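Okay, run25.tsv now, which holds TSV, C-alpha atoms and all ligand atoms:
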chain	number	residue	atom	x	y	z
A	196	MET	CA	6.83	-7.39	-4.92
A	197	VAL	CA	10.14	-8.17	-3.33
A	198	VAL	CA	11.61	-4.98	-4.72
A	199	THR	CA	8.78	-2.92	-3.27
A	200	LYS	CA	9.17	-4.60	0.06
A	201	LYS	CA	12.87	-3.90	0.11
A	202	LYS	CA	12.21	-0.33	-0.88
A	203	GLU	CA	9.70	-0.02	1.91
A	204	ARG	CA	12.18	-1.47	4.37
A	205	ASP	CA	14.86	0.92	3.23
A	206	GLU	CA	12.49	3.79	3.69
A	207	GLU	CA	11.61	2.50	7.11
A	208	ILE	CA	15.26	2.33	8.05
A	209	GLU	CA	15.79	5.82	6.70
A	210	ASN	CA	12.87	7.10	8.76
A	211	LEU	CA	14.23	5.35	11.81
A	212	GLU	CA	17.57	7.03	11.27
A	213	GLU	CA	15.91	10.38	10.93
A	214	ASN	CA	14.05	9.80	14.15
A	215	GLU	CA	16.93	8.12	15.83
A	216	SER	CA	17.01	10.62	18.61
A	217	ALA	CA	13.42	9.74	19.48
A	218	VAL	CA	14.25	6.05	19.51
A	219	VAL	CA	17.11	6.46	21.94
A	220	GLY	CA	15.14	8.82	24.16
A	221	GLU	CA	16.61	12.11	23.01
A	222	ASP	CA	13.44	13.66	21.69
A	223	PRO	CA	14.12	17.40	21.91
A	224	VAL	CA	10.59	18.05	23.21
A	225	ILE	CA	11.04	15.50	25.98
A	226	SER	CA	14.54	16.79	26.79
A	227	LYS	CA	13.25	20.34	27.03
A	228	LEU	CA	10.48	19.30	29.42
A	229	MET	CA	13.01	17.34	31.50
A	230	GLU	CA	14.82	20.60	32.19
A	231	LEU	CA	11.94	21.50	34.49
A	232	PRO	CA	12.64	20.56	38.11
A	233	GLY	CA	10.72	17.44	39.15
A	234	VAL	CA	10.21	16.22	35.57
A	235	GLY	CA	11.90	12.93	34.76
A	236	GLU	CA	11.64	11.03	31.52
A	237	ALA	CA	8.48	9.16	32.43
A	238	THR	CA	6.69	12.34	33.47
A	239	ALA	CA	7.89	14.20	30.38
A	240	SER	CA	6.62	11.41	28.13
A	241	LYS	CA	3.30	11.47	29.91
A	242	LEU	CA	3.02	15.22	29.37
A	243	VAL	CA	3.84	14.93	25.67
A	244	GLU	CA	1.45	12.03	25.26
A	245	HIS	CA	-1.37	14.27	26.51
A	246	GLY	CA	-0.48	17.24	24.32
A	247	TYR	CA	1.67	19.29	26.70
A	248	ARG	CA	4.69	19.85	24.50
A	249	THR	CA	5.75	23.37	25.45
A	250	TYR	CA	6.32	25.49	28.56
A	251	GLU	CA	3.53	27.76	27.32
A	252	SER	CA	1.00	24.95	27.29
A	253	LEU	CA	1.95	24.05	30.87
A	254	ALA	CA	2.07	27.65	32.05
A	255	VAL	CA	-1.57	28.19	31.11
A	256	ALA	CA	-2.81	24.89	32.57
A	257	ASN	CA	-4.34	24.57	35.99
A	258	PRO	CA	-3.12	21.91	38.44
A	259	ASN	CA	-6.34	19.91	38.76
A	260	GLU	CA	-6.82	19.86	35.03
A	261	LEU	CA	-3.26	18.73	34.40
A	262	ALA	CA	-3.55	16.05	37.07
A	263	THR	CA	-6.82	14.71	35.67
A	264	ILE	CA	-5.56	14.63	32.11
A	265	THR	CA	-2.15	13.09	32.74
A	266	GLY	CA	-2.82	11.07	35.88
A	267	LEU	CA	0.05	12.83	37.65
A	268	PRO	CA	-0.42	13.85	41.30
A	269	VAL	CA	-1.89	17.33	41.82
A	270	THR	CA	1.09	18.48	43.89
A	271	LEU	CA	3.49	17.50	41.13
A	272	SER	CA	1.24	19.14	38.55
A	273	GLN	CA	1.33	22.35	40.57
A	274	LYS	CA	5.12	22.17	40.77
A	275	ILE	CA	5.46	21.61	37.02
A	276	ILE	CA	3.14	24.51	36.20
A	277	SER	CA	5.05	26.88	38.50
A	278	ALA	CA	8.35	25.78	36.99
A	279	ALA	CA	7.04	26.32	33.44
A	280	ARG	CA	5.83	29.78	34.40
A	281	ALA	CA	9.20	30.61	35.92
A	282	GLN	CA	10.89	29.54	32.69
A	283	LEU	CA	8.86	31.99	30.65
A	284	LYS	CA	11.08	34.85	31.63
A	285	PHE	CA	9.36	37.31	29.31
A	286	THR	CA	6.64	37.71	31.91
A	287	ILE	CA	9.05	39.79	33.99
A	288	LYS	CA	9.10	43.41	32.89
A	289	THR	CA	10.09	46.63	34.55
A	290	ALA	CA	7.24	48.81	35.74
A	291	TYR	CA	8.41	51.39	33.24
A	292	GLU	CA	8.04	48.93	30.36
A	293	LEU	CA	4.60	48.04	31.62
A	294	GLU	CA	3.66	51.71	31.75
A	295	GLN	CA	4.82	52.22	28.17
A	296	GLU	CA	2.82	49.22	27.01
A	297	MET	CA	-0.28	50.41	28.79
A	298	LYS	CA	-0.01	53.75	27.02
A	299	GLU	CA	-0.40	51.90	23.74
A	300	ILE	CA	-3.77	50.46	24.75
A	301	LYS	CA	-6.53	51.80	22.52
A	302	ARG	CA	-10.27	51.38	22.75
A	303	ILE	CA	-13.12	50.61	20.35
A	304	THR	CA	-16.52	52.08	21.14
A	305	THR	CA	-19.40	49.64	21.52
A	306	GLY	CA	-21.91	52.21	20.33
A	307	SER	CA	-23.26	52.71	23.85
A	308	LYS	CA	-21.63	55.27	26.14
A	309	SER	CA	-22.69	53.43	29.25
A	310	LEU	CA	-21.32	50.12	28.01
A	311	ASP	CA	-18.09	51.88	27.01
A	312	LYS	CA	-17.84	53.37	30.49
A	313	LEU	CA	-18.31	49.95	32.07
A	314	LEU	CA	-15.35	48.74	29.98
A	315	GLY	CA	-13.16	51.68	30.97
A	316	GLY	CA	-13.79	53.54	27.69
A	317	GLY	CA	-14.56	50.75	25.23
A	318	VAL	CA	-13.20	47.35	24.22
A	319	GLU	CA	-9.44	47.39	24.77
A	320	THR	CA	-6.58	46.38	22.54
A	321	ARG	CA	-3.83	44.15	23.98
A	322	SER	CA	-6.44	42.10	25.78
A	323	ALA	CA	-9.34	39.73	25.34
A	324	THR	CA	-12.92	40.62	26.23
A	325	GLU	CA	-15.48	37.89	26.65
A	326	PHE	CA	-19.22	38.53	26.23
A	327	PHE	CA	-21.22	35.71	27.71
A	328	GLY	CA	-24.90	35.10	28.27
A	329	GLU	CA	-27.85	33.07	27.09
A	330	PHE	CA	-29.23	32.95	23.51
A	331	GLY	CA	-30.48	36.28	22.24
A	332	ALA	CA	-28.58	38.19	24.93
A	333	GLY	CA	-26.85	40.30	22.27
A	334	LYS	CA	-23.38	38.71	22.04
A	335	THR	CA	-23.36	38.50	18.24
A	336	GLN	CA	-24.92	41.96	17.86
A	337	ILE	CA	-22.12	43.47	19.96
A	338	ALA	CA	-19.55	41.57	17.89
A	339	PHE	CA	-21.11	42.95	14.67
A	340	GLN	CA	-21.19	46.49	16.04
A	341	LEU	CA	-17.53	46.33	17.07
A	342	SER	CA	-16.60	44.94	13.63
A	343	VAL	CA	-18.12	48.08	12.14
A	344	ASN	CA	-16.92	50.53	14.79
A	345	VAL	CA	-13.27	49.44	14.65
A	346	GLN	CA	-13.23	50.95	11.16
A	347	LEU	CA	-14.16	54.43	12.42
A	348	PRO	CA	-11.52	57.13	12.83
A	349	GLN	CA	-9.96	57.31	16.31
A	350	GLU	CA	-11.81	60.48	17.27
A	351	LYS	CA	-15.08	58.62	16.69
A	352	GLY	CA	-14.07	55.62	18.78
A	353	GLY	CA	-12.49	53.41	16.12
A	354	LEU	CA	-8.99	52.30	15.19
A	355	GLU	CA	-9.20	52.69	11.42
A	356	GLY	CA	-8.59	48.99	11.18
A	357	SER	CA	-10.29	45.87	9.89
A	358	THR	CA	-11.85	42.83	11.54
A	359	LEU	CA	-11.07	39.16	11.32
A	360	PHE	CA	-14.37	37.48	12.16
A	361	ILE	CA	-14.15	33.79	13.03
A	362	ASP	CA	-17.67	32.42	12.87
A	363	THR	CA	-18.23	29.01	14.43
A	364	GLU	CA	-22.03	29.00	14.34
A	365	GLY	CA	-22.82	30.35	10.89
A	366	THR	CA	-24.77	33.28	12.32
A	367	PHE	CA	-23.00	36.07	10.45
A	368	VAL	CA	-25.47	38.41	8.70
A	369	PRO	CA	-23.94	40.81	6.13
A	370	ALA	CA	-27.24	42.71	5.83
A	371	ARG	CA	-27.06	43.60	9.51
A	372	ILE	CA	-23.53	44.97	9.05
A	373	ARG	CA	-24.85	47.02	6.14
A	374	SER	CA	-27.56	48.65	8.26
A	375	MET	CA	-25.15	49.31	11.13
A	376	ALA	CA	-22.72	50.98	8.70
A	377	GLU	CA	-25.46	53.07	7.10
A	378	ALA	CA	-26.63	54.22	10.53
A	379	LEU	CA	-23.14	55.60	11.17
A	380	GLY	CA	-22.89	57.27	7.76
A	381	LEU	CA	-20.20	54.82	6.61
A	382	ASN	CA	-19.98	53.41	3.10
A	383	PRO	CA	-21.65	49.99	3.51
A	384	GLU	CA	-19.67	48.25	0.74
A	385	LYS	CA	-16.38	49.50	2.13
A	386	THR	CA	-17.41	48.47	5.62
A	387	LEU	CA	-18.30	44.95	4.45
A	388	GLN	CA	-15.01	44.72	2.58
A	389	ASN	CA	-13.09	45.43	5.77
A	390	ILE	CA	-14.59	42.51	7.63
A	391	PHE	CA	-12.80	39.26	6.82
A	392	TRP	CA	-15.08	36.38	7.60
A	393	ILE	CA	-14.11	32.77	8.03
A	394	ARG	CA	-16.23	29.84	9.11
A	395	ALA	CA	-14.44	27.52	11.52
A	396	LEU	CA	-15.47	23.97	10.73
A	397	ASN	CA	-14.30	22.27	13.89
A	398	SER	CA	-12.27	23.14	16.95
A	399	ASP	CA	-8.95	22.12	15.37
A	400	HIS	CA	-9.72	24.34	12.41
A	401	GLN	CA	-10.60	27.17	14.79
A	402	ILE	CA	-7.26	26.73	16.55
A	403	ALA	CA	-5.40	26.54	13.23
A	404	ILE	CA	-7.00	29.75	11.92
A	405	VAL	CA	-5.70	31.66	14.92
A	406	GLU	CA	-2.28	30.01	14.82
A	407	GLY	CA	-1.95	30.95	11.16
A	408	ALA	CA	-3.38	34.48	11.31
A	409	LYS	CA	-0.13	36.38	11.88
A	410	ASP	CA	0.65	37.39	8.29
A	411	PHE	CA	-2.95	38.13	7.47
A	412	ILE	CA	-3.24	40.43	10.48
A	413	GLN	CA	-0.24	42.42	9.37
A	414	SER	CA	-1.10	42.65	5.69
A	415	HIS	CA	-4.77	43.56	6.30
A	416	ASN	CA	-4.37	45.94	9.24
A	417	VAL	CA	-6.57	43.77	11.48
A	418	LYS	CA	-7.36	45.60	14.71
A	419	LEU	CA	-10.13	43.34	15.96
A	420	ILE	CA	-10.41	39.56	16.06
A	421	VAL	CA	-13.86	38.18	16.88
A	422	VAL	CA	-14.51	34.54	17.71
A	423	ASP	CA	-18.28	33.97	17.77
A	424	SER	CA	-18.66	31.66	19.62
A	425	VAL	CA	-15.33	30.61	21.07
A	426	THR	CA	-16.81	27.68	23.00
A	427	SER	CA	-19.50	26.05	20.85
A	428	LEU	CA	-17.31	23.72	18.76
A	429	PHE	CA	-15.27	22.66	21.78
A	430	ARG	CA	-18.48	21.94	23.67
A	431	SER	CA	-19.97	19.76	20.97
A	432	GLU	CA	-16.74	17.91	20.26
A	433	TYR	CA	-15.80	17.32	23.90
A	434	PRO	CA	-19.14	16.82	25.63
A	435	GLY	CA	-19.78	15.92	29.23
A	436	ARG	CA	-17.80	15.96	32.41
A	437	GLU	CA	-15.46	13.23	31.28
A	438	ASN	CA	-14.08	15.49	28.54
A	439	LEU	CA	-14.08	18.65	30.61
A	440	ALA	CA	-10.36	18.62	31.35
A	441	VAL	CA	-9.25	18.12	27.75
A	442	ARG	CA	-11.74	20.68	26.53
A	443	GLN	CA	-10.54	23.20	29.09
A	444	GLN	CA	-6.92	22.59	28.22
A	445	LYS	CA	-7.52	23.09	24.50
A	446	LEU	CA	-9.59	26.20	25.08
A	447	ASN	CA	-6.99	27.68	27.43
A	448	MET	CA	-4.29	27.22	24.84
A	449	HIS	CA	-6.50	28.70	22.14
A	450	LEU	CA	-7.23	31.76	24.26
A	451	HIS	CA	-3.57	32.05	25.07
A	452	SER	CA	-2.75	32.24	21.33
A	453	LEU	CA	-5.44	34.87	20.87
A	454	LEU	CA	-4.02	36.90	23.74
A	455	ARG	CA	-0.57	36.68	22.26
A	456	LEU	CA	-1.86	38.12	18.96
A	457	ALA	CA	-3.60	40.90	20.93
A	458	GLU	CA	-0.33	41.84	22.60
A	459	VAL	CA	1.98	41.51	19.65
A	460	TYR	CA	-0.24	43.41	17.20
A	461	ASN	CA	-1.90	45.76	19.69
A	462	LEU	CA	-5.35	44.60	18.63
A	463	ALA	CA	-8.57	43.76	20.44
A	464	VAL	CA	-9.83	40.21	20.85
A	465	VAL	CA	-13.54	39.69	21.45
A	466	VAL	CA	-14.93	36.25	22.15
A	467	THR	CA	-18.50	35.17	22.84
A	468	ASN	CA	-19.64	32.31	24.98
A	469	GLN	CA	-23.20	31.06	25.34
A	470	VAL	CA	-24.21	30.07	28.85
A	471	MET	CA	-27.57	28.85	30.03
A	472	ALA	CA	-29.35	30.93	32.60
A	473	THR	CA	-29.92	29.11	35.85
A	474	PRO	CA	-32.63	30.04	38.35
A	475	ASP	CA	-30.15	31.04	41.06
A	476	MET	CA	-27.92	32.94	38.69
A	477	PHE	CA	-28.91	36.40	39.85
A	478	TYR	CA	-28.11	35.60	43.44
A	479	GLY	CA	-24.99	33.62	42.87
A	480	ASP	CA	-21.99	34.27	40.72
A	481	PRO	CA	-23.09	34.28	37.07
A	482	THR	CA	-19.70	32.95	36.03
A	483	ARG	CA	-20.66	29.75	37.81
A	484	ALA	CA	-23.61	29.32	35.43
A	485	VAL	CA	-23.92	26.02	33.59
A	486	GLY	CA	-20.97	25.97	31.24
A	487	GLY	CA	-20.06	29.45	32.35
A	488	ASN	CA	-16.80	28.38	33.90
A	489	ILE	CA	-15.70	26.83	30.66
A	490	ILE	CA	-13.26	29.56	29.82
A	491	GLY	CA	-11.41	29.84	33.09
A	492	HIS	CA	-9.51	33.03	33.61
A	493	ALA	CA	-7.78	33.75	30.35
A	494	PRO	CA	-9.87	36.73	29.16
A	495	ASN	CA	-8.96	39.98	30.87
A	496	ASN	CA	-12.50	41.28	30.97
A	497	ARG	CA	-15.68	39.26	31.11
A	498	VAL	CA	-19.08	40.82	30.49
A	499	TYR	CA	-22.23	38.96	31.41
A	500	LEU	CA	-25.21	39.92	29.23
A	501	ARG	CA	-28.83	39.32	29.98
A	502	LYS	CA	-32.13	40.24	28.40
A	503	SER	CA	-34.37	42.89	29.84
A	504	LYS	CA	-37.58	44.46	28.52
A	505	GLY	CA	-37.90	44.65	24.72
A	506	GLN	CA	-34.66	45.71	23.11
A	507	LYS	CA	-33.03	46.52	26.44
A	508	ARG	CA	-30.10	44.46	27.64
A	509	ILE	CA	-28.13	44.46	30.88
A	510	ALA	CA	-24.35	44.14	30.89
A	511	ARG	CA	-22.45	43.26	34.02
A	512	LEU	CA	-18.69	43.37	34.24
A	513	VAL	CA	-17.34	40.43	36.19
A	514	ASP	CA	-13.85	39.16	36.87
A	515	SER	CA	-11.92	42.23	35.73
A	516	SER	CA	-8.53	42.58	37.35
A	517	TYR	CA	-8.45	46.36	37.06
A	518	LEU	CA	-11.91	47.76	36.31
A	519	GLU	CA	-14.64	48.44	38.83
A	520	PRO	CA	-17.38	45.81	38.72
A	521	GLY	CA	-20.70	47.30	37.67
A	522	GLU	CA	-23.85	46.96	35.67
A	523	VAL	CA	-25.32	49.08	32.85
A	524	VAL	CA	-28.30	49.01	30.50
A	525	PHE	CA	-27.99	49.32	26.71
A	526	GLU	CA	-30.26	48.64	23.75
A	527	ILE	CA	-30.16	46.68	20.52
A	528	THR	CA	-31.97	49.04	18.15
A	529	PRO	CA	-32.47	48.80	14.37
A	530	GLU	CA	-29.35	51.01	14.09
A	531	GLY	CA	-27.30	48.72	16.32
A	532	VAL	CA	-25.96	48.89	19.87
A	533	ARG	CA	-27.00	52.16	21.53
A	534	ASP	CA	-27.71	53.80	24.88
A	535	PRO	CA	-31.32	53.49	26.06
A	536	GLN	CA	-33.50	56.30	24.77
A	537	ASP	CA	-35.53	56.72	27.97
B	1	LIG	P1	-26.85	33.19	20.65
B	1	LIG	O1	-25.84	33.32	19.55
B	1	LIG	O2	-28.05	32.46	20.24
B	1	LIG	O3	-26.27	32.67	21.91
B	1	LIG	O4	-27.39	34.67	20.99
B	1	LIG	P2	-26.65	36.07	20.96
B	1	LIG	O5	-26.34	36.49	22.33
B	1	LIG	O6	-25.56	36.08	19.97
B	1	LIG	O7	-27.83	36.98	20.45
B	1	LIG	P3	-27.79	38.06	19.29
B	1	LIG	O8	-26.67	38.99	19.42
B	1	LIG	O9	-27.97	37.36	18.01
B	1	LIG	O10	-29.05	38.90	19.69
B	1	LIG	C1	-30.26	38.58	19.20
B	1	LIG	C2	-31.18	39.74	19.49
B	1	LIG	O11	-30.70	40.93	18.85
B	1	LIG	C3	-32.49	39.42	18.91
B	1	LIG	O12	-33.28	38.78	19.88
B	1	LIG	C4	-33.01	40.78	18.54
B	1	LIG	O13	-33.63	41.33	19.67
B	1	LIG	C5	-31.77	41.59	18.26
B	1	LIG	N1	-31.50	41.70	16.82
B	1	LIG	C6	-30.85	40.82	16.04
B	1	LIG	N2	-30.84	41.23	14.76
B	1	LIG	C7	-31.50	42.39	14.74
B	1	LIG	C8	-31.82	43.32	13.71
B	1	LIG	O14	-31.48	43.14	12.55
B	1	LIG	N3	-32.50	44.42	14.09
B	1	LIG	C9	-32.86	44.65	15.37
B	1	LIG	N4	-33.55	45.74	15.68
B	1	LIG	N5	-32.58	43.80	16.36
B	1	LIG	C10	-31.91	42.69	16.06
B	2	MG	MG	-24.80	34.67	18.63
Can the structure in the file be given as structure tokens, please?
Ligand code: GTP
Ligand code: MG
Amino acid sequence: MVVTKKKERDEEIENLEENESAVVGEDPVISKLMELPGVGEATASKLVEHGYRTYESLAVANPNELATITGLPVTLSQKIISAARAQLKFTIKTAYELEQEMKEIKRITTGSKSLDKLLGGGVETRSATEFFGEFGAGKTQIAFQLSVNVQLPQEKGGLEGSTLFIDTEGTFVPARIRSMAEALGLNPEKTLQNIFWIRALNSDHQIAIVEGAKDFIQSHNVKLIVVDSVTSLFRSEYPGRENLAVRQQKLNMHLHSLLRLAEVYNLAVVVTNQVMATPDMFYGDPTRAVGGNIIGHAPNNRVYLRKSKGQKRIARLVDSSYLEPGEVVFEITPEGVRDPQD
């Protein structure tokens, strides 16, 4: 007994020595945060305590959120966020560099010419596209169609790449992929083999899958990452207004990691987000729909989907920084996503 206790104590002392810097207030994470103007030790500890350990996590936060979560004043939160953004020097590029990068952007056809046109030619690489709308609006069907279409040769609107499909709701249907592939004259087995499916069990798992996807993306030529749905696990695990800030912060960071993969590997990210229709939705801003503001502004393009007659669906582009807002009609046919026949 005594021996064990001594051993335990020795281990404890060893651990203390290893973490000595933390004990005397020289935690490298804290020190790094303290380099930001206006951040003293108390503030830095508060940030760390609430999960803000890096400049990136602060740079993607919004001031009200940060203030609510940490209890810091909004003005200070704003100052910290601006400072973190300024520290991330990689955001400054020459216009020439930007032009070169934009030339690398490629597009995946949705299967509908009008929907492609709305998106500036299809779903883009190097960015994230969000499809949001109520149940049955066609979010998953679009995600399936893109998972098939990304495999097409470039002249047919694909990228000759594979898909990493992160399924949070368990609504993936291989048989549907098979019929979409057959409709395009693709080998169905080959098409199914180029879609890598993983079920995310909870929001931390979902985050971890994305954080750990780097090597897989490279070795499997992944050109499309789907997260269907990106919000559902976060919603069920962080319900209600009281959890809104934490939920938002986690989601923002998750989307930020997805965007980073999109940029580094020149791939497309597609996320879905279920929102409930509200009676005043068609007059007001649909992004203000119940739960609709959950994602904030991380995705580059947001497409609001709603049901119309029969298999017809209406897609409206909202919140794009560079595309014209607009609305188009498409259909979900037995073959997949298509232009309306009439
Ligand atoms: P939630 O995930 O519930 O939020 O909905 P969602 O927006 O993902 O809806 P989804 O993409 O699953 O669209 C469902 C609609 O697509 C259905 O109501 C059908 O109209 C259509 N659909 C789904 N599967 C098939 C199919 O195999 N054949 C045909 N013709 N239509 C289908
Ligand atoms: Mg769905």
Find the spatial neighbours of A:Ile404, counting only C-alpha atoms, within a cut-off of 9 Å - ignore same-chain residues fewer than 6 positions away - and output them as a short mmCIF file (atom, residue, chain, number, x, y, z; two decimals) with C-alpha atoms, in the coordinates of the input.
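File out_21.cif, as written:
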data_model
loop_
_atom_site.label_atom_id
_atom_site.label_comp_id
_atom_site.auth_asym_id
_atom_site.auth_seq_id
_atom_site.Cartn_x
_atom_site.Cartn_y
_atom_site.Cartn_z
CA ILE A 361 -14.15 33.79 13.03
CA ILE A 393 -14.11 32.77 8.03
CA ALA A 395 -14.44 27.52 11.52
#
How close does chain A get to ligand MG 2 (chain B)? List, as JSON lines, each residue of chain A within 10 Å, its nearest atom pair and the distance in Å to one decimal, counting all atoms listed in the file.
{"residue": "A:Phe327", "atom": "CA", "partner": "B:MG2", "partner_atom": "MG", "distance": 9.8}
{"residue": "A:Gly328", "atom": "CA", "partner": "B:MG2", "partner_atom": "MG", "distance": 9.7}
{"residue": "A:Glu329", "atom": "CA", "partner": "B:MG2", "partner_atom": "MG", "distance": 9.1}
{"residue": "A:Phe330", "atom": "CA", "partner": "B:MG2", "partner_atom": "MG", "distance": 6.8}
{"residue": "A:Gly331", "atom": "CA", "partner": "B:MG2", "partner_atom": "MG", "distance": 6.9}
{"residue": "A:Ala332", "atom": "CA", "partner": "B:MG2", "partner_atom": "MG", "distance": 8.1}
{"residue": "A:Gly333", "atom": "CA", "partner": "B:MG2", "partner_atom": "MG", "distance": 7.0}
{"residue": "A:Lys334", "atom": "CA", "partner": "B:MG2", "partner_atom": "MG", "distance": 5.5}
{"residue": "A:Thr335", "atom": "CA", "partner": "B:MG2", "partner_atom": "MG", "distance": 4.1}
{"residue": "A:Gln336", "atom": "CA", "partner": "B:MG2", "partner_atom": "MG", "distance": 7.3}
{"residue": "A:Ile337", "atom": "CA", "partner": "B:MG2", "partner_atom": "MG", "distance": 9.3}
{"residue": "A:Ala338", "atom": "CA", "partner": "B:MG2", "partner_atom": "MG", "distance": 8.7}
{"residue": "A:Phe339", "atom": "CA", "partner": "B:MG2", "partner_atom": "MG", "distance": 9.9}
{"residue": "A:Asp362", "atom": "CA", "partner": "B:MG2", "partner_atom": "MG", "distance": 9.4}
{"residue": "A:Thr363", "atom": "CA", "partner": "B:MG2", "partner_atom": "MG", "distance": 9.6}
{"residue": "A:Glu364", "atom": "CA", "partner": "B:MG2", "partner_atom": "MG", "distance": 7.6}
{"residue": "A:Gly365", "atom": "CA", "partner": "B:MG2", "partner_atom": "MG", "distance": 9.1}
{"residue": "A:Thr366", "atom": "CA", "partner": "B:MG2", "partner_atom": "MG", "distance": 6.5}
{"residue": "A:Phe367", "atom": "CA", "partner": "B:MG2", "partner_atom": "MG", "distance": 8.5}
{"residue": "A:Asp423", "atom": "CA", "partner": "B:MG2", "partner_atom": "MG", "distance": 6.6}
{"residue": "A:Ser424", "atom": "CA", "partner": "B:MG2", "partner_atom": "MG", "distance": 6.9}
{"residue": "A:Thr467", "atom": "CA", "partner": "B:MG2", "partner_atom": "MG", "distance": 7.6}
{"residue": "A:Asn468", "atom": "CA", "partner": "B:MG2", "partner_atom": "MG", "distance": 8.5}
{"residue": "A:Gln469", "atom": "CA", "partner": "B:MG2", "partner_atom": "MG", "distance": 7.8}
**Asked** Near A:Tyr250, within 12 Å and counting only C-alpha atoms, which residues show up once chain neighbours fewer than 4 positions away are dropped, as a PyMOL selection string?
**Response** chain A and resi 224-225+227-231+239+242-243+246+254-256+275-284+448
**Fill in**
As a check of understanding: the span from atom CA of A:His415 to atom CA of A:Gln388 is 11.0 Å
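Among the candidate residues A:Arg371, A:Arg436, A:Lys288, A:Arg533, the one lying nearest to ligand LIG 1 (chain B) is A:Arg371, with distances computed using only C-alpha atoms and all ligand atoms.
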**Request:** Identify, on the basis of only C-alpha atoms, every residue whose closest approach to A:Leu271 does not exceed 9 Å; exclude the query and any residue fewer than 3 positions from it along the same chain; express the result as number ranges by chain.
**Result:** A: 233-234, 258, 262, 267-268, 274-276
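Using only C-alpha atoms and all ligand atoms, the nearest neighbour of ligand LIG 1 (chain B) within the list A:Ala440, A:Val368, A:Ile412, A:Leu396 is A:Val368.
Atom to atom, atom CA of A:Leu454 and atom CA of A:Thr426 stand 15.8 Å apart.
Nearest residue to A:Leu347 among A:Gly407, A:Gly317, A:Pro232, A:Gly380 is A:Gly380, counting all atoms listed in the file.
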So which residues touch A:Leu314 within 10 Å, counting all atoms listed in the file, skipping near sequence neighbours fewer than 4 positions away, as a CSV table (one decimal) with C-alpha atoms, keeping the file's coordinate frame?
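Done, and the output landed in selection-v9.csv:
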chain,number,residue,atom,x,y,z
A,302,ARG,CA,-10.3,51.4,22.8
A,304,THR,CA,-16.5,52.1,21.1
A,305,THR,CA,-19.4,49.6,21.5
A,308,LYS,CA,-21.6,55.3,26.1
A,309,SER,CA,-22.7,53.4,29.2
A,310,LEU,CA,-21.3,50.1,28.0
A,318,VAL,CA,-13.2,47.4,24.2
A,319,GLU,CA,-9.4,47.4,24.8
A,324,THR,CA,-12.9,40.6,26.2
A,496,ASN,CA,-12.5,41.3,31.0
A,497,ARG,CA,-15.7,39.3,31.1
A,498,VAL,CA,-19.1,40.8,30.5
A,511,ARG,CA,-22.4,43.3,34.0
A,512,LEU,CA,-18.7,43.4,34.2
A,515,SER,CA,-11.9,42.2,35.7
A,518,LEU,CA,-11.9,47.8,36.3
A,519,GLU,CA,-14.6,48.4,38.8
A,520,PRO,CA,-17.4,45.8,38.7
A,521,GLY,CA,-20.7,47.3,37.7
